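Take a look at the structure set out below.
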Amino acid sequence: MSVKVSLRPIVISGPSGTGKSTLLKRLFAEYPDSFGFSVSHTTRKPRPGEVDGIAYHFVERSTFDKLVEQNAFLEHAEFSGNCYGTSIKSVQDVAEKGKTCILDIDMQGVKSVKNTDLNARFLFLAPPSLEILRSRLVGRGTESEDSVAKRMSQAEKEMEFAKTGAHDEIIVNDDLDQTYADLKKFIFDPSA
């Protein structure tokens, strides 16, 4: 189903474990011809089931560093010893297909994108509480205790950043169906 949406990119940010991936998978399944995902680069190793070029472009640190030197990234950051970046080309590729580009990036990325002429809209997805977020991260079964601790520390910083008004809207994911409805309203009704 294709629907008319603005081609302004949409930046979705929020702590790891808030449901960004789940919501975006649902959106892309419902509207496969309307949106394109900006596939980020990372030096992180793939998790089970992640496919190179779909989940991320998995690259070595040396390759990532070369892309940074070439100013190939719209934004990039290092987190938990791994680098992540959104290439300018990945955003252009989506727009060239006539689709609205969705970017799933962190707080540092939001700050970087705000300093560009991308004219994006910004949505922050928040957990109902830090305790529930911790439970979600542990429940994944893919994170070490050290990784969970680092992600929780970062989540606190991102929650504080969200309070600065950097985003056009903040949605708390305490009910997946309601959160999805709120996400669609943000995307399809920019004046709301």
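Chains: A, B, ... in order of the structure tokens. Residues: from 1 per chain. Ligands: from 1, in order shown.
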
Give me the residues within 12 Å of A:His167 as a list in words, counting only C-alpha atoms and dropping any in the same chain fewer than 6 places off. Ile10, Val11, Ile12, Ser13, Gly14, Met107, Val110, Lys111, Val113, Lys114, Ala120, Arg121, Phe122, Leu123, Phe124, Leu125, Ala126, Glu158, Met159, Phe161 and Phe186 of chain A

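Those residues that approach A:Phe58 to within 8 Å, counting only C-alpha atoms, are His41, Thr42, Thr43, Arg44, Lys45, Pro46, Asp52 and Gly53 of chain A; same-chain residues fewer than 5 positions away are not listed.
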
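Residue nearest A:Ser153 within the list A:Asp189, A:Ser16, A:Arg136, A:Glu96: A:Ser16 [criterion: smallest interatomic distance, only C-alpha atoms].
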
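From atom CA of A:Tyr180 back to atom CA of A:Leu23, the distance works out to 6.3 Å.
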
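Compared by their closest atoms to A:Lys185, and using only C-alpha atoms, the residues A:Val138, A:Lys150, A:Pro127, A:Ile171 rank with A:Ile171 nearest.
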
As a short mmCIF file (atom, residue, chain, number, x, y, z; two decimals) with N, CA, C and O atoms, in the first residue's frame, please: every residue in chain A that DSSP puts in helix (DSSP H, G or I).
data_model
loop_
_atom_site.label_atom_id
_atom_site.label_comp_id
_atom_site.auth_asym_id
_atom_site.auth_seq_id
_atom_site.Cartn_x
_atom_site.Cartn_y
_atom_site.Cartn_z
N LYS A 20 12.13 0.81 18.78
CA LYS A 20 12.26 1.48 17.48
C LYS A 20 12.23 0.47 16.34
O LYS A 20 11.48 0.65 15.38
N SER A 21 13.03 -0.56 16.44
CA SER A 21 13.10 -1.56 15.35
C SER A 21 11.76 -2.25 15.14
O SER A 21 11.32 -2.45 14.01
N THR A 22 11.10 -2.61 16.22
CA THR A 22 9.79 -3.28 16.13
C THR A 22 8.78 -2.39 15.42
O THR A 22 8.06 -2.84 14.52
N LEU A 23 8.74 -1.12 15.80
CA LEU A 23 7.79 -0.19 15.19
C LEU A 23 8.11 0.07 13.73
O LEU A 23 7.20 0.14 12.89
N LEU A 24 9.39 0.22 13.42
CA LEU A 24 9.77 0.48 12.03
C LEU A 24 9.51 -0.72 11.13
O LEU A 24 9.07 -0.56 9.99
N LYS A 25 9.73 -1.92 11.65
CA LYS A 25 9.41 -3.13 10.86
C LYS A 25 7.92 -3.15 10.53
O LYS A 25 7.51 -3.49 9.41
N ARG A 26 7.10 -2.80 11.50
CA ARG A 26 5.65 -2.78 11.31
C ARG A 26 5.26 -1.72 10.26
O ARG A 26 4.44 -1.97 9.39
N LEU A 27 5.86 -0.53 10.37
CA LEU A 27 5.57 0.56 9.43
C LEU A 27 5.96 0.15 8.00
O LEU A 27 5.19 0.35 7.06
N PHE A 28 7.14 -0.43 7.86
CA PHE A 28 7.62 -0.82 6.53
C PHE A 28 6.78 -1.95 5.96
O PHE A 28 6.60 -2.03 4.74
N ALA A 29 6.29 -2.84 6.80
CA ALA A 29 5.44 -3.93 6.32
C ALA A 29 4.10 -3.39 5.83
O ALA A 29 3.57 -3.85 4.82
N GLU A 30 3.56 -2.40 6.53
CA GLU A 30 2.26 -1.84 6.16
C GLU A 30 2.37 -0.91 4.94
O GLU A 30 1.44 -0.83 4.14
N ARG A 61 36.91 -1.31 11.20
CA ARG A 61 37.20 0.03 11.71
C ARG A 61 37.99 0.86 10.69
O ARG A 61 37.72 2.05 10.51
N SER A 62 38.93 0.23 10.00
CA SER A 62 39.73 0.97 9.02
C SER A 62 38.87 1.52 7.89
O SER A 62 39.06 2.65 7.43
N THR A 63 37.89 0.74 7.45
CA THR A 63 36.97 1.19 6.40
C THR A 63 36.12 2.34 6.91
O THR A 63 35.92 3.35 6.21
N PHE A 64 35.63 2.21 8.13
CA PHE A 64 34.80 3.25 8.73
C PHE A 64 35.60 4.56 8.82
O PHE A 64 35.11 5.63 8.46
N ASP A 65 36.83 4.46 9.31
CA ASP A 65 37.69 5.64 9.46
C ASP A 65 37.93 6.33 8.12
O ASP A 65 37.97 7.57 8.04
N LYS A 66 38.10 5.54 7.05
CA LYS A 66 38.29 6.13 5.72
C LYS A 66 37.04 6.91 5.28
O LYS A 66 37.15 7.98 4.69
N LEU A 67 35.87 6.36 5.57
CA LEU A 67 34.63 7.05 5.22
C LEU A 67 34.50 8.36 6.00
O LEU A 67 34.04 9.37 5.45
N VAL A 68 34.92 8.36 7.25
CA VAL A 68 34.91 9.59 8.04
C VAL A 68 35.83 10.63 7.40
O VAL A 68 35.45 11.80 7.22
N GLU A 69 37.03 10.20 7.02
CA GLU A 69 38.00 11.10 6.38
C GLU A 69 37.45 11.68 5.07
O GLU A 69 37.75 12.82 4.71
N ILE A 88 25.71 9.89 3.73
CA ILE A 88 24.92 10.79 2.90
C ILE A 88 24.30 10.00 1.75
O ILE A 88 23.14 10.18 1.41
N LYS A 89 25.08 9.07 1.19
CA LYS A 89 24.59 8.26 0.07
C LYS A 89 23.37 7.42 0.46
O LYS A 89 22.43 7.29 -0.33
N SER A 90 23.34 6.89 1.68
CA SER A 90 22.20 6.05 2.08
C SER A 90 20.91 6.85 2.13
O SER A 90 19.84 6.34 1.80
N VAL A 91 21.00 8.12 2.52
CA VAL A 91 19.81 8.98 2.55
C VAL A 91 19.41 9.36 1.12
O VAL A 91 18.24 9.33 0.76
N GLN A 92 20.39 9.68 0.28
CA GLN A 92 20.12 10.02 -1.12
C GLN A 92 19.50 8.84 -1.87
O GLN A 92 18.59 9.03 -2.68
N ASP A 93 19.98 7.64 -1.59
CA ASP A 93 19.45 6.44 -2.25
C ASP A 93 17.95 6.29 -2.01
O ASP A 93 17.20 5.93 -2.92
N VAL A 94 17.52 6.56 -0.80
CA VAL A 94 16.09 6.44 -0.47
C VAL A 94 15.29 7.51 -1.20
O VAL A 94 14.26 7.23 -1.81
N ALA A 95 15.77 8.75 -1.15
CA ALA A 95 15.05 9.86 -1.79
C ALA A 95 14.94 9.64 -3.30
O ALA A 95 13.91 9.96 -3.91
N GLU A 96 15.99 9.07 -3.91
CA GLU A 96 15.98 8.84 -5.36
C GLU A 96 14.91 7.81 -5.76
O GLU A 96 14.48 7.78 -6.90
N MET A 107 21.42 10.20 20.03
CA MET A 107 21.43 11.60 20.44
C MET A 107 22.50 12.42 19.72
O MET A 107 22.24 13.52 19.26
N GLN A 108 23.70 11.87 19.60
CA GLN A 108 24.77 12.59 18.90
C GLN A 108 24.39 12.80 17.44
O GLN A 108 24.65 13.84 16.86
N GLY A 109 23.76 11.79 16.86
CA GLY A 109 23.31 11.89 15.47
C GLY A 109 22.25 12.95 15.29
O GLY A 109 22.25 13.68 14.29
N VAL A 110 21.33 13.05 16.24
CA VAL A 110 20.29 14.08 16.18
C VAL A 110 20.94 15.45 16.17
O VAL A 110 20.60 16.32 15.35
N LYS A 111 21.92 15.66 17.05
CA LYS A 111 22.62 16.94 17.10
C LYS A 111 23.30 17.24 15.76
O LYS A 111 23.24 18.36 15.26
N SER A 112 23.93 16.23 15.17
CA SER A 112 24.61 16.41 13.88
C SER A 112 23.63 16.73 12.76
O SER A 112 23.86 17.64 11.96
N VAL A 113 22.53 15.99 12.69
CA VAL A 113 21.55 16.20 11.62
C VAL A 113 20.90 17.57 11.75
O VAL A 113 20.61 18.22 10.74
N LYS A 114 20.71 18.05 12.96
CA LYS A 114 20.13 19.38 13.17
C LYS A 114 21.05 20.47 12.59
O LYS A 114 20.58 21.55 12.28
N LEU A 130 12.91 3.70 33.22
CA LEU A 130 14.24 3.10 33.06
C LEU A 130 14.24 1.65 33.54
O LEU A 130 14.96 0.81 32.98
N GLU A 131 13.43 1.34 34.55
CA GLU A 131 13.36 -0.04 35.04
C GLU A 131 12.81 -0.98 33.96
O GLU A 131 13.31 -2.08 33.75
N ILE A 132 11.75 -0.52 33.28
CA ILE A 132 11.17 -1.34 32.21
C ILE A 132 12.17 -1.47 31.06
O ILE A 132 12.31 -2.54 30.47
N LEU A 133 12.87 -0.39 30.77
CA LEU A 133 13.88 -0.45 29.71
C LEU A 133 14.95 -1.48 30.03
O LEU A 133 15.32 -2.29 29.18
N ARG A 134 15.44 -1.48 31.27
CA ARG A 134 16.46 -2.45 31.69
C ARG A 134 15.93 -3.87 31.51
O ARG A 134 16.62 -4.76 31.00
N SER A 135 14.69 -4.10 31.89
CA SER A 135 14.07 -5.42 31.76
C SER A 135 14.00 -5.84 30.29
O SER A 135 14.27 -7.00 29.94
N ARG A 136 13.68 -4.90 29.40
CA ARG A 136 13.62 -5.21 27.97
C ARG A 136 15.00 -5.58 27.44
O ARG A 136 15.13 -6.52 26.65
N LEU A 137 16.01 -4.82 27.83
CA LEU A 137 17.37 -5.10 27.35
C LEU A 137 17.85 -6.47 27.83
O LEU A 137 18.42 -7.24 27.05
N VAL A 138 17.62 -6.78 29.10
CA VAL A 138 18.02 -8.08 29.64
C VAL A 138 17.24 -9.19 28.95
O VAL A 138 17.78 -10.24 28.61
N GLY A 139 15.95 -8.93 28.69
CA GLY A 139 15.08 -9.92 28.07
C GLY A 139 15.46 -10.27 26.64
O GLY A 139 15.09 -11.34 26.14
N ARG A 140 16.21 -9.41 25.98
CA ARG A 140 16.67 -9.71 24.62
C ARG A 140 17.54 -10.95 24.57
O ARG A 140 17.56 -11.68 23.59
N GLU A 145 26.01 -8.23 30.68
CA GLU A 145 25.68 -7.33 31.79
C GLU A 145 26.39 -5.99 31.61
O GLU A 145 25.82 -4.93 31.87
N ASP A 146 27.63 -6.03 31.12
CA ASP A 146 28.39 -4.81 30.88
C ASP A 146 27.71 -3.97 29.78
O ASP A 146 27.59 -2.75 29.90
N SER A 147 27.25 -4.63 28.72
CA SER A 147 26.58 -3.94 27.64
C SER A 147 25.27 -3.31 28.13
O SER A 147 24.95 -2.17 27.77
N VAL A 148 24.53 -4.04 28.95
CA VAL A 148 23.28 -3.50 29.51
C VAL A 148 23.58 -2.26 30.34
O VAL A 148 22.90 -1.23 30.23
N ALA A 149 24.62 -2.33 31.16
CA ALA A 149 24.99 -1.19 32.00
C ALA A 149 25.34 0.03 31.15
O ALA A 149 24.91 1.16 31.44
N LYS A 150 26.10 -0.18 30.07
CA LYS A 150 26.48 0.93 29.19
C LYS A 150 25.24 1.50 28.49
O LYS A 150 25.09 2.72 28.35
N ARG A 151 24.35 0.62 28.05
CA ARG A 151 23.14 1.08 27.36
C ARG A 151 22.23 1.85 28.33
O ARG A 151 21.59 2.83 27.93
N MET A 152 22.18 1.42 29.57
CA MET A 152 21.36 2.12 30.57
C MET A 152 21.93 3.50 30.86
O MET A 152 21.20 4.48 31.01
N SER A 153 23.25 3.58 30.95
CA SER A 153 23.90 4.87 31.18
C SER A 153 23.60 5.82 30.02
O SER A 153 23.27 7.00 30.23
N GLN A 154 23.70 5.31 28.81
CA GLN A 154 23.40 6.11 27.63
C GLN A 154 21.93 6.49 27.60
O GLN A 154 21.58 7.61 27.22
N ALA A 155 21.05 5.58 28.01
CA ALA A 155 19.61 5.86 28.01
C ALA A 155 19.29 7.05 28.92
O ALA A 155 18.47 7.90 28.56
N GLU A 156 19.93 7.11 30.07
CA GLU A 156 19.70 8.23 30.98
C GLU A 156 20.09 9.55 30.31
O GLU A 156 19.36 10.55 30.43
N LYS A 157 21.21 9.56 29.60
CA LYS A 157 21.65 10.77 28.90
C LYS A 157 20.66 11.15 27.79
O LYS A 157 20.33 12.33 27.61
N GLU A 158 20.18 10.14 27.06
CA GLU A 158 19.25 10.42 25.97
C GLU A 158 17.92 10.94 26.50
O GLU A 158 17.31 11.83 25.89
N MET A 159 17.47 10.40 27.63
CA MET A 159 16.22 10.87 28.23
C MET A 159 16.35 12.33 28.66
O MET A 159 15.42 13.12 28.48
N GLU A 160 17.49 12.69 29.19
CA GLU A 160 17.74 14.08 29.58
C GLU A 160 17.79 14.98 28.35
O GLU A 160 17.23 16.08 28.35
N PHE A 161 18.44 14.50 27.30
CA PHE A 161 18.53 15.27 26.06
C PHE A 161 17.14 15.52 25.48
O PHE A 161 16.85 16.60 24.96
N ALA A 162 16.27 14.52 25.56
CA ALA A 162 14.92 14.65 25.01
C ALA A 162 14.15 15.79 25.70
O ALA A 162 13.28 16.42 25.10
N LEU A 176 2.30 -1.05 22.62
CA LEU A 176 2.82 -1.10 21.25
C LEU A 176 1.81 -0.61 20.22
O LEU A 176 2.15 0.16 19.32
N ASP A 177 0.55 -1.05 20.32
CA ASP A 177 -0.45 -0.64 19.33
C ASP A 177 -0.71 0.87 19.38
O ASP A 177 -0.81 1.52 18.34
N GLN A 178 -0.82 1.43 20.59
CA GLN A 178 -1.04 2.87 20.72
C GLN A 178 0.18 3.65 20.23
O GLN A 178 0.06 4.67 19.56
N THR A 179 1.37 3.13 20.56
CA THR A 179 2.59 3.80 20.12
C THR A 179 2.68 3.80 18.60
O THR A 179 3.06 4.80 17.99
N TYR A 180 2.30 2.69 17.98
CA TYR A 180 2.32 2.61 16.52
C TYR A 180 1.33 3.61 15.92
O TYR A 180 1.65 4.30 14.94
N ALA A 181 0.15 3.72 16.52
CA ALA A 181 -0.84 4.70 16.05
C ALA A 181 -0.28 6.12 16.18
O ALA A 181 -0.45 6.95 15.28
N ASP A 182 0.39 6.40 17.30
CA ASP A 182 0.99 7.72 17.51
C ASP A 182 2.11 7.99 16.51
O ASP A 182 2.26 9.11 16.02
N LEU A 183 2.90 6.97 16.21
CA LEU A 183 3.97 7.09 15.23
C LEU A 183 3.39 7.45 13.86
O LEU A 183 3.86 8.36 13.18
N LYS A 184 2.34 6.74 13.45
CA LYS A 184 1.72 7.01 12.15
C LYS A 184 1.13 8.42 12.12
O LYS A 184 1.25 9.11 11.11
N LYS A 185 0.54 8.86 13.21
CA LYS A 185 -0.02 10.21 13.25
C LYS A 185 1.10 11.24 13.07
O LYS A 185 0.94 12.21 12.32
N PHE A 186 2.23 11.03 13.73
CA PHE A 186 3.37 11.93 13.60
C PHE A 186 3.84 11.98 12.14
O PHE A 186 4.11 13.06 11.60
N ILE A 187 3.92 10.83 11.50
CA ILE A 187 4.43 10.76 10.13
C ILE A 187 3.45 11.33 9.11
O ILE A 187 3.82 12.12 8.26
N PHE A 188 2.19 10.94 9.22
CA PHE A 188 1.22 11.28 8.18
C PHE A 188 0.51 12.60 8.40
O PHE A 188 -0.11 13.13 7.49
#

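Note that DSSP on the backbone gives strand (DSSP E or B) to these residues of stretch 35-113 of chain A: Phe35, Gly36, Phe37, His41, Thr42, Asp52, Tyr56, His57, Phe58, Phe73, Leu74, Glu75, His76, Ala77, Glu78, Phe79, Asn82, Cys83, Tyr84, Gly85, Thr86, Ser87, Thr100, Cys101, Ile102, Leu103 and Asp104 of chain A.
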
Any chance you could export the current selection's N, CA, C and O atoms as an mmCIF file, in the first residue's frame?
data_model
loop_
_atom_site.group_PDB
_atom_site.id
_atom_site.type_symbol
_atom_site.label_atom_id
_atom_site.label_comp_id
_atom_site.auth_asym_id
_atom_site.auth_seq_id
_atom_site.Cartn_x
_atom_site.Cartn_y
_atom_site.Cartn_z
ATOM 1 N N PHE A 35 8.257 4.199 2.332
ATOM 2 C CA PHE A 35 9.394 4.537 3.177
ATOM 3 C C PHE A 35 10.637 3.756 2.790
ATOM 4 O O PHE A 35 10.551 2.641 2.289
ATOM 5 N N GLY A 36 11.753 4.362 3.063
ATOM 6 C CA GLY A 36 13.026 3.693 2.878
ATOM 7 C C GLY A 36 13.855 3.894 4.123
ATOM 8 O O GLY A 36 13.797 4.947 4.765
ATOM 9 N N PHE A 37 14.588 2.887 4.457
ATOM 10 C CA PHE A 37 15.407 2.953 5.659
ATOM 11 C C PHE A 37 16.819 3.318 5.274
ATOM 12 O O PHE A 37 17.400 2.747 4.361
ATOM 13 N N HIS A 41 26.153 2.407 8.734
ATOM 14 C CA HIS A 41 27.391 1.633 8.805
ATOM 15 C C HIS A 41 27.720 1.400 10.281
ATOM 16 O O HIS A 41 27.444 2.261 11.114
ATOM 17 N N THR A 42 28.318 0.271 10.577
ATOM 18 C CA THR A 42 28.778 0.020 11.938
ATOM 19 C C THR A 42 29.999 -0.888 11.926
ATOM 20 O O THR A 42 30.169 -1.701 11.019
ATOM 21 N N ASP A 52 23.981 -8.206 6.412
ATOM 22 C CA ASP A 52 24.765 -7.066 5.944
ATOM 23 C C ASP A 52 24.036 -6.367 4.809
ATOM 24 O O ASP A 52 23.516 -7.013 3.897
ATOM 25 N N TYR A 56 22.538 -3.364 8.876
ATOM 26 C CA TYR A 56 23.626 -2.385 8.844
ATOM 27 C C TYR A 56 24.536 -2.751 7.682
ATOM 28 O O TYR A 56 24.474 -3.850 7.154
ATOM 29 N N HIS A 57 25.442 -1.816 7.374
ATOM 30 C CA HIS A 57 26.594 -2.140 6.547
ATOM 31 C C HIS A 57 27.692 -2.436 7.575
ATOM 32 O O HIS A 57 28.191 -1.515 8.232
ATOM 33 N N PHE A 58 28.017 -3.704 7.753
ATOM 34 C CA PHE A 58 29.022 -4.107 8.735
ATOM 35 C C PHE A 58 30.401 -3.948 8.099
ATOM 36 O O PHE A 58 30.687 -4.570 7.080
ATOM 37 N N PHE A 73 29.799 10.703 5.846
ATOM 38 C CA PHE A 73 28.703 10.538 6.799
ATOM 39 C C PHE A 73 27.963 11.835 7.091
ATOM 40 O O PHE A 73 28.567 12.887 7.262
ATOM 41 N N LEU A 74 26.659 11.710 7.163
ATOM 42 C CA LEU A 74 25.800 12.797 7.620
ATOM 43 C C LEU A 74 26.016 12.976 9.121
ATOM 44 O O LEU A 74 26.036 14.089 9.638
ATOM 45 N N GLU A 75 26.154 11.863 9.794
ATOM 46 C CA GLU A 75 26.444 11.838 11.230
ATOM 47 C C GLU A 75 27.151 10.534 11.534
ATOM 48 O O GLU A 75 26.971 9.539 10.847
ATOM 49 N N HIS A 76 27.981 10.561 12.595
ATOM 50 C CA HIS A 76 28.622 9.336 13.049
ATOM 51 C C HIS A 76 28.990 9.503 14.517
ATOM 52 O O HIS A 76 29.152 10.626 15.011
ATOM 53 N N ALA A 77 29.071 8.371 15.200
ATOM 54 C CA ALA A 77 29.375 8.392 16.627
ATOM 55 C C ALA A 77 29.989 7.060 17.026
ATOM 56 O O ALA A 77 29.882 6.060 16.303
ATOM 57 N N GLU A 78 30.595 7.060 18.197
ATOM 58 C CA GLU A 78 31.128 5.824 18.759
ATOM 59 C C GLU A 78 30.369 5.535 20.039
ATOM 60 O O GLU A 78 30.127 6.426 20.856
ATOM 61 N N PHE A 79 29.955 4.282 20.194
ATOM 62 C CA PHE A 79 29.222 3.862 21.381
ATOM 63 C C PHE A 79 29.648 2.449 21.746
ATOM 64 O O PHE A 79 29.681 1.573 20.895
ATOM 65 N N ASN A 82 32.096 0.641 19.555
ATOM 66 C CA ASN A 82 31.748 0.437 18.148
ATOM 67 C C ASN A 82 31.352 1.759 17.516
ATOM 68 O O ASN A 82 30.781 2.628 18.177
ATOM 69 N N CYS A 83 31.637 1.901 16.226
ATOM 70 C CA CYS A 83 31.288 3.112 15.491
ATOM 71 C C CYS A 83 30.005 2.876 14.697
ATOM 72 O O CYS A 83 29.759 1.774 14.197
ATOM 73 N N TYR A 84 29.208 3.940 14.591
ATOM 74 C CA TYR A 84 27.958 3.916 13.838
ATOM 75 C C TYR A 84 27.900 5.190 13.011
ATOM 76 O O TYR A 84 28.295 6.254 13.492
ATOM 77 N N GLY A 85 27.397 5.110 11.785
ATOM 78 C CA GLY A 85 27.291 6.304 10.967
ATOM 79 C C GLY A 85 26.245 6.174 9.879
ATOM 80 O O GLY A 85 26.010 5.083 9.363
ATOM 81 N N THR A 86 25.627 7.305 9.572
ATOM 82 C CA THR A 86 24.653 7.379 8.488
ATOM 83 C C THR A 86 25.313 8.074 7.310
ATOM 84 O O THR A 86 25.682 9.246 7.416
ATOM 85 N N SER A 87 25.472 7.357 6.221
ATOM 86 C CA SER A 87 26.130 7.957 5.066
ATOM 87 C C SER A 87 25.156 8.856 4.311
ATOM 88 O O SER A 87 23.947 8.609 4.285
ATOM 89 N N THR A 100 10.122 8.384 1.516
ATOM 90 C CA THR A 100 10.525 9.160 2.681
ATOM 91 C C THR A 100 11.574 8.359 3.433
ATOM 92 O O THR A 100 11.355 7.190 3.758
ATOM 93 N N CYS A 101 12.703 8.989 3.695
ATOM 94 C CA CYS A 101 13.798 8.313 4.397
ATOM 95 C C CYS A 101 13.572 8.349 5.906
ATOM 96 O O CYS A 101 13.270 9.395 6.478
ATOM 97 N N ILE A 102 13.716 7.196 6.520
ATOM 98 C CA ILE A 102 13.641 7.073 7.976
ATOM 99 C C ILE A 102 15.055 6.841 8.480
ATOM 100 O O ILE A 102 15.757 5.946 8.000
ATOM 101 N N LEU A 103 15.477 7.645 9.444
ATOM 102 C CA LEU A 103 16.791 7.481 10.069
ATOM 103 C C LEU A 103 16.600 7.103 11.530
ATOM 104 O O LEU A 103 15.871 7.783 12.257
ATOM 105 N N ASP A 104 17.223 6.040 11.941
ATOM 106 C CA ASP A 104 17.201 5.585 13.332
ATOM 107 C C ASP A 104 18.587 5.886 13.892
ATOM 108 O O ASP A 104 19.531 5.145 13.635
#
